[in-house]
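Chemist: To start, I am sharing the structure in question, which I have written as structure tokens.
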Amino acid sequence: MAGAACALYAARAGLEVRVVDRGPVAGGTTGAGEGNVLVSDKEPGPELRLALLSARLWAGLAEELGAAIEYEPKGGLVVASTPGALAALRDFAARQRSAGVTAIPVADNQLTDFEPYLAPGMAGGVHYPQDAQVMPALAAAHLLRASGARSHPGHTVTGVLRTAGGTVYGVRTDRGDIHAPAVVNAAGVWGGDLAALAGTRLPVLPRRGFVLVTEPLPRRVRHKVYAADYVADVASDSAGLRASPVVEGTAAGPVLIGATRERVGFDRSLSLRAVRALAAGAVGLFPFLGRVRALRTYAGFRPYLPDHLPAIGPDPRAPGLFHACGHEGAGIGLAPATGLLIARALTGRAPEFDLTPFRPERFGT
Amino acid sequence: MNPLEPTRARPGPDATATFDGMPLRALPGQTVAAALWAAGVTAWRGTRGTGEPRGVFCGIGVCFDCLLVVNGRPNQRACLVPVRPGDVIRTQRGTGRDDD
């Protein structure tokens with residue numbers, strides 16, 4: 001997704017772009033996501049600034065690309081089950097409001113106006129109208145098509161070409177060299193490997209997530225609905241299993257229940273414990289889901305960096321190399337802003353805002 | 001030719017269920033899809049979008065195309081579910097849950 005967005009904005013900035021992908025379009029983390037375009041789960045800071053810009057860009061792209069990417073500005077509803085959790089959530093929302101987020105408190109007796117099937121007895125919530133959703137595989141494919149870039153799916157980058165002085169001048173692939181004055185590393189959770197090919201270091205690591213998919217249902221879940229604990233899970237540094245559920249309906253009918261967080265390397269094997277925890281959490285939010293069948297589950301690997309911020313911008317250790325990876329679980333949402341910022345950097349124009357927090361070299365060598 | 005003859009099968013008595021109110025006979029263990037095909041029925045679901053007719057596609061439980069309603073439960077795969085005596089089997093329209 002990040003790569004497709006970089007291709008689109010770079011092409012629109014007047015550059016000639018080639019996209020090299022060792023797999024098919026959306027064959028990695030993009031295809032294993034839910035398509036979250038969220039501001040609600042981000043605390044004030046650089047990632048939220050990126051998310052707010054990206055949410056606006058997604059709305060514009062949706063007007064352009066029509067229904068093809070299944071963009072739904074459905075809004076998010078965060079619910080708290082106890083008065084203590086609600087107080088913390090309201091405080092968090094107040095800080096977000098001061099950073100430009102629309103966050104509207106919802107009283108306990110108004111929750112069913114938003115979600116008629118929500119479990120009774122919740123303490124209250126916050127409504128985030130800026131939250132949205134896209135179908136990630138379709139979105140990546142349509143952004144790539146709209147870019148007009150020449151695409152090389154199934155081509156593996158085996159090396160990054162550098163001059164004796166260290167300047168990057170292209171990539172070597174298993175089917176020949178491609179020369180270019182700039183190379184953008186949008187390899188997601190494998191971005192560290194690509195950086196290593198260029199002789200530079202970017203400590204991207206995988207954080208596994210399972211998503212549970214139900215049978216198709218009439219529209220019963222209207223927003224992205226999650227418990228207030230989710231924000232703490234996203235920011236958590238724990239390697240163990242975290243499983244606060246995010247529940248949402250899809251245009252096609254199935255309800256998606258995401259997503260666990262675990263650090264287990266690239267282990268793809270099914271974890272019954274993880275999907276059980278998801279199912280139990282989802283039924284806690286929406287009791288009717290207890291009578292619904294789960295059809296399947298899928299897993300993916302979020303690319304995370306030690307400080308939970310992406311790497312966006314030029315790498316001074318390898319002139320000509322730019323990074324656009326490490327978005328953890330927010331890559332779909334943050335992709336357009338990332339693409340725009342990369343395009344500005346490639347054409348030497350000033351960024352929308354300060355990119356210092358996203359500097360690729362911030363982790364040292 | 002009756003397919004039971006070459007295998008010299010001696011199946012037990014037929015089960016009788018209903019499909020959309022009509023009697024449906026099935027050999028013991030026969031799936032709903034097989035019984036419907038034997039009765040000449042090849043479509044028993046309308047798609048969620050435009051109501052296009054659907055029946056068996058993969059026939060092995062993978063594609064979820066042959067869904068129908070068995071004893072009030074929607075989204076049952078006709079190619080996997082055996083017919084039991086007295087089953088009430090219905091055509092599925094959309095998600096099969098509109099009348100929940």
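Scheme for the structure tokens: letters A, B, ... for chains in order shown; per-chain residue numbers from 1; ligand numbers from 1 in order shown.
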Residues within 10 Å of region 37-41 of chain B, please, as a ChimeraX atom specification. Count only C-alpha atoms; anything in the same chain fewer than 3 positions from it doesn't count.
Modeler: /B:19,23-26,31-34,44,55-56
Chemist: Can you check which residues of chain A have any atom within 7 Å of chain B? Use only C-alpha atoms and format it as a VMD selection string.
Modeler: chain A and resid 216 to 218
Chemist: Rounded to one decimal place, report the CA of Thr102 (chain A)-CA of Phe353 (chain A) distance in Å.
Modeler: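 That distance, rounded to one decimal, is 20.4 Å.
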Chemist: Measuring atom to atom with only C-alpha atoms, identify which of A:Pro136, A:Pro206, A:Gly3, A:Pro357 is nearest to Val264 (chain A).
Modeler: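 For Val264 (chain A), the nearest of the given residues is A:Pro206.
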Chemist: Would you please give, as number ranges by chain, all residues of region 194-311 of chain A that DSSP assigns to helix (DSSP H, G or I) based on the backbone?
Modeler: A: 194-197, 229-235, 272-285, 287-291
Chemist: Just want the 10 Å neighbourhood of Arg84 (chain B), counted on only C-alpha atoms, with same-chain residues fewer than 3 positions away dropped. Output as a ChimeraX atom specification.
Modeler: /B:14-17,25-32,81,87-88
Chemist: Output C-alpha atoms for every residue in the selection just made, as an mmCIF file, in the first residue's frame.
Modeler:
data_model
loop_
_atom_site.group_PDB
_atom_site.id
_atom_site.type_symbol
_atom_site.label_atom_id
_atom_site.label_comp_id
_atom_site.auth_asym_id
_atom_site.auth_seq_id
_atom_site.Cartn_x
_atom_site.Cartn_y
_atom_site.Cartn_z
ATOM 1 C CA ASP B 14 -34.250 -43.379 2.259
ATOM 2 C CA ALA B 15 -34.494 -40.334 4.487
ATOM 3 C CA THR B 16 -37.258 -37.899 3.675
ATOM 4 C CA ALA B 17 -36.768 -34.181 4.193
ATOM 5 C CA ARG B 25 -35.649 -38.118 -0.668
ATOM 6 C CA ALA B 26 -32.043 -38.989 0.120
ATOM 7 C CA LEU B 27 -29.952 -42.116 0.627
ATOM 8 C CA PRO B 28 -28.431 -42.482 4.109
ATOM 9 C CA GLY B 29 -25.413 -40.179 4.310
ATOM 10 C CA GLN B 30 -26.180 -38.416 1.042
ATOM 11 C CA THR B 31 -25.429 -34.700 1.107
ATOM 12 C CA VAL B 32 -28.097 -32.084 0.556
ATOM 13 C CA VAL B 81 -24.252 -31.413 5.134
ATOM 14 C CA ASP B 87 -34.822 -31.783 7.817
ATOM 15 C CA VAL B 88 -36.486 -28.565 6.677
#
Chemist: Fewer than 2 positions away in the same chain doesn't count, so skip those; otherwise give me all residues within 6 Å of region 65-71 of chain A, counting only C-alpha atoms, as a PyMOL selection string.
Modeler: chain A and resi 61-63+133-135+138-139
Chemist: Just N, CA, C and O atoms for this one: save the residues we selected as a PDB file, in the first residue's frame.
Modeler:
ATOM      1  N   LEU A  61      -8.991  10.804  -2.626  1.00  0.00           N
ATOM      2  CA  LEU A  61      -8.755   9.669  -3.528  1.00  0.00           C
ATOM      3  C   LEU A  61     -10.046   8.900  -3.766  1.00  0.00           C
ATOM      4  O   LEU A  61     -10.298   8.399  -4.873  1.00  0.00           O
ATOM      5  N   ALA A  62     -10.884   8.810  -2.720  1.00  0.00           N
ATOM      6  CA  ALA A  62     -12.143   8.073  -2.857  1.00  0.00           C
ATOM      7  C   ALA A  62     -13.065   8.771  -3.856  1.00  0.00           C
ATOM      8  O   ALA A  62     -13.761   8.116  -4.634  1.00  0.00           O
ATOM      9  N   GLU A  63     -13.052  10.118  -3.858  1.00  0.00           N
ATOM     10  CA  GLU A  63     -13.878  10.838  -4.839  1.00  0.00           C
ATOM     11  C   GLU A  63     -13.406  10.549  -6.254  1.00  0.00           C
ATOM     12  O   GLU A  63     -14.196  10.418  -7.184  1.00  0.00           O
ATOM     13  N   GLN A 133     -12.663   3.452   6.335  1.00  0.00           N
ATOM     14  CA  GLN A 133     -12.182   2.123   5.941  1.00  0.00           C
ATOM     15  C   GLN A 133     -12.064   2.061   4.424  1.00  0.00           C
ATOM     16  O   GLN A 133     -12.868   2.657   3.716  1.00  0.00           O
ATOM     17  N   VAL A 134     -11.044   1.344   3.942  1.00  0.00           N
ATOM     18  CA  VAL A 134     -10.977   0.990   2.525  1.00  0.00           C
ATOM     19  C   VAL A 134     -10.742  -0.516   2.437  1.00  0.00           C
ATOM     20  O   VAL A 134     -10.349  -1.145   3.415  1.00  0.00           O
ATOM     21  N   MET A 135     -10.987  -1.075   1.250  1.00  0.00           N
ATOM     22  CA  MET A 135     -10.635  -2.479   1.024  1.00  0.00           C
ATOM     23  C   MET A 135      -9.177  -2.453   0.555  1.00  0.00           C
ATOM     24  O   MET A 135      -8.890  -1.974  -0.539  1.00  0.00           O
ATOM     25  N   LEU A 138      -7.867  -3.819  -3.002  1.00  0.00           N
ATOM     26  CA  LEU A 138      -8.411  -3.026  -4.105  1.00  0.00           C
ATOM     27  C   LEU A 138      -7.783  -1.641  -4.123  1.00  0.00           C
ATOM     28  O   LEU A 138      -7.475  -1.094  -5.187  1.00  0.00           O
ATOM     29  N   ALA A 139      -7.611  -1.055  -2.937  1.00  0.00           N
ATOM     30  CA  ALA A 139      -7.055   0.294  -2.869  1.00  0.00           C
ATOM     31  C   ALA A 139      -5.636   0.315  -3.423  1.00  0.00           C
ATOM     32  O   ALA A 139      -5.281   1.199  -4.215  1.00  0.00           O
TER      33      ALA A 139
END
Chemist: Please provide as a compact mmCIF listing (two decimals) with C-alpha atoms, in the first residue's frame all residues within 6 Å of Gly192 (chain A), with the sequence filter that same-chain residues fewer than 4 positions apart are discarded (counting only C-alpha atoms).
Modeler:
# COMPACT_ATOMS: atom_id res chain seq x y z
CA LEU A 202 16.60 -0.07 9.56
CA PRO A 203 15.38 -2.30 12.44
CA VAL A 204 11.92 -3.25 11.10
Chemist: Just the number, please: distance in Å from CA of Arg359 (chain A) to CA of Pro336 (chain A), one decimal.
Modeler: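 Distance reported for this atom pair: 18.0 Å.
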Chemist: Tell me, in Å to one decimal, how far CA of Gly166 (chain A) is from CA of Asp307 (chain A).
Modeler: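 Calculated distance between CA of Gly166 (chain A) and CA of Asp307 (chain A) is 27.8 Å.
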Chemist: For a quick check of understanding, using only C-alpha atoms, which of B:Arg90, B:Pro85, B:Ile60, B:Met1 has the smallest distance to Gly46 (chain B)?
Modeler: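 Comparing B:Arg90, B:Pro85, B:Ile60, B:Met1 against Gly46 (chain B), the winner is B:Arg90.
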Chemist: Show me, as a PyMOL selection string, the residues that have an atom within 12 Å of Arg242 (chain A) when counting only C-alpha atoms, minus same-chain residues fewer than 4 positions from it.
Modeler: chain A and resi 207-210+229-238+258-263+273-278+281
Chemist: Please identify the strand (DSSP E) residues within chain B (assignment by DSSP from backbone atoms) and present them as JSON, numbers by chain.
Modeler: {"B": [15, 16, 17, 18, 19, 22, 23, 24, 25, 26, 45, 46, 53, 54, 67, 68, 69, 70, 73, 74, 75, 76, 77, 88, 89, 90, 92, 93]}
Chemist: Would you kindly return, as an MDAnalysis selection string, each protein, DNA or RNA residue with an atom no farther than 7 Å from any atom of Cys66 (chain B), considering only C-alpha atoms and excluding same-chain residues fewer than 3 positions away?
Modeler: chainID B and resid 45 54:57 77:79
Chemist: Can I get the selected residues back with N, CA and C atoms, as a CSV table (one decimal), in the first residue's frame?
Modeler:
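Saved result, result19.csv, follows:
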chain,number,residue,atom,x,y,z
B,45,ARG,N,-29.7,-20.9,-4.1
B,45,ARG,CA,-29.3,-19.7,-3.4
B,45,ARG,C,-29.4,-18.5,-4.4
B,54,ARG,N,-27.4,-19.6,-7.6
B,54,ARG,CA,-26.2,-20.3,-7.3
B,54,ARG,C,-26.5,-21.8,-6.8
B,55,GLY,N,-25.6,-22.7,-7.1
B,55,GLY,CA,-25.7,-24.1,-6.6
B,55,GLY,C,-24.3,-24.6,-6.3
B,56,VAL,N,-24.0,-25.8,-6.7
B,56,VAL,CA,-22.7,-26.3,-6.4
B,56,VAL,C,-21.6,-25.7,-7.4
B,57,PHE,N,-20.5,-25.3,-6.8
B,57,PHE,CA,-19.4,-24.8,-7.6
B,57,PHE,C,-18.2,-25.8,-7.4
B,77,ARG,N,-23.4,-25.4,4.1
B,77,ARG,CA,-22.9,-25.8,2.8
B,77,ARG,C,-23.5,-27.1,2.3
B,78,ALA,N,-24.4,-27.0,1.3
B,78,ALA,CA,-25.1,-28.2,0.8
B,78,ALA,C,-24.2,-29.3,0.4
B,79,CYS,N,-23.0,-29.1,0.0
B,79,CYS,CA,-22.1,-30.1,-0.5
B,79,CYS,C,-21.5,-30.9,0.7
Chemist: Could you check the closest approach to His327 (chain A) for each of A:Cys6, A:Val246, A:Ala141, A:Leu309 and tell me which residue wins, using only C-alpha atoms?
Modeler: A:Leu309
Chemist: Kindly indicate which residue among A:Leu15, A:Phe301, A:Ala228, A:Gly188 lies nearest to Pro83 (chain A), using only C-alpha atoms for the distances.
Modeler: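 Closest residue, counting only C-alpha atoms: A:Ala228.
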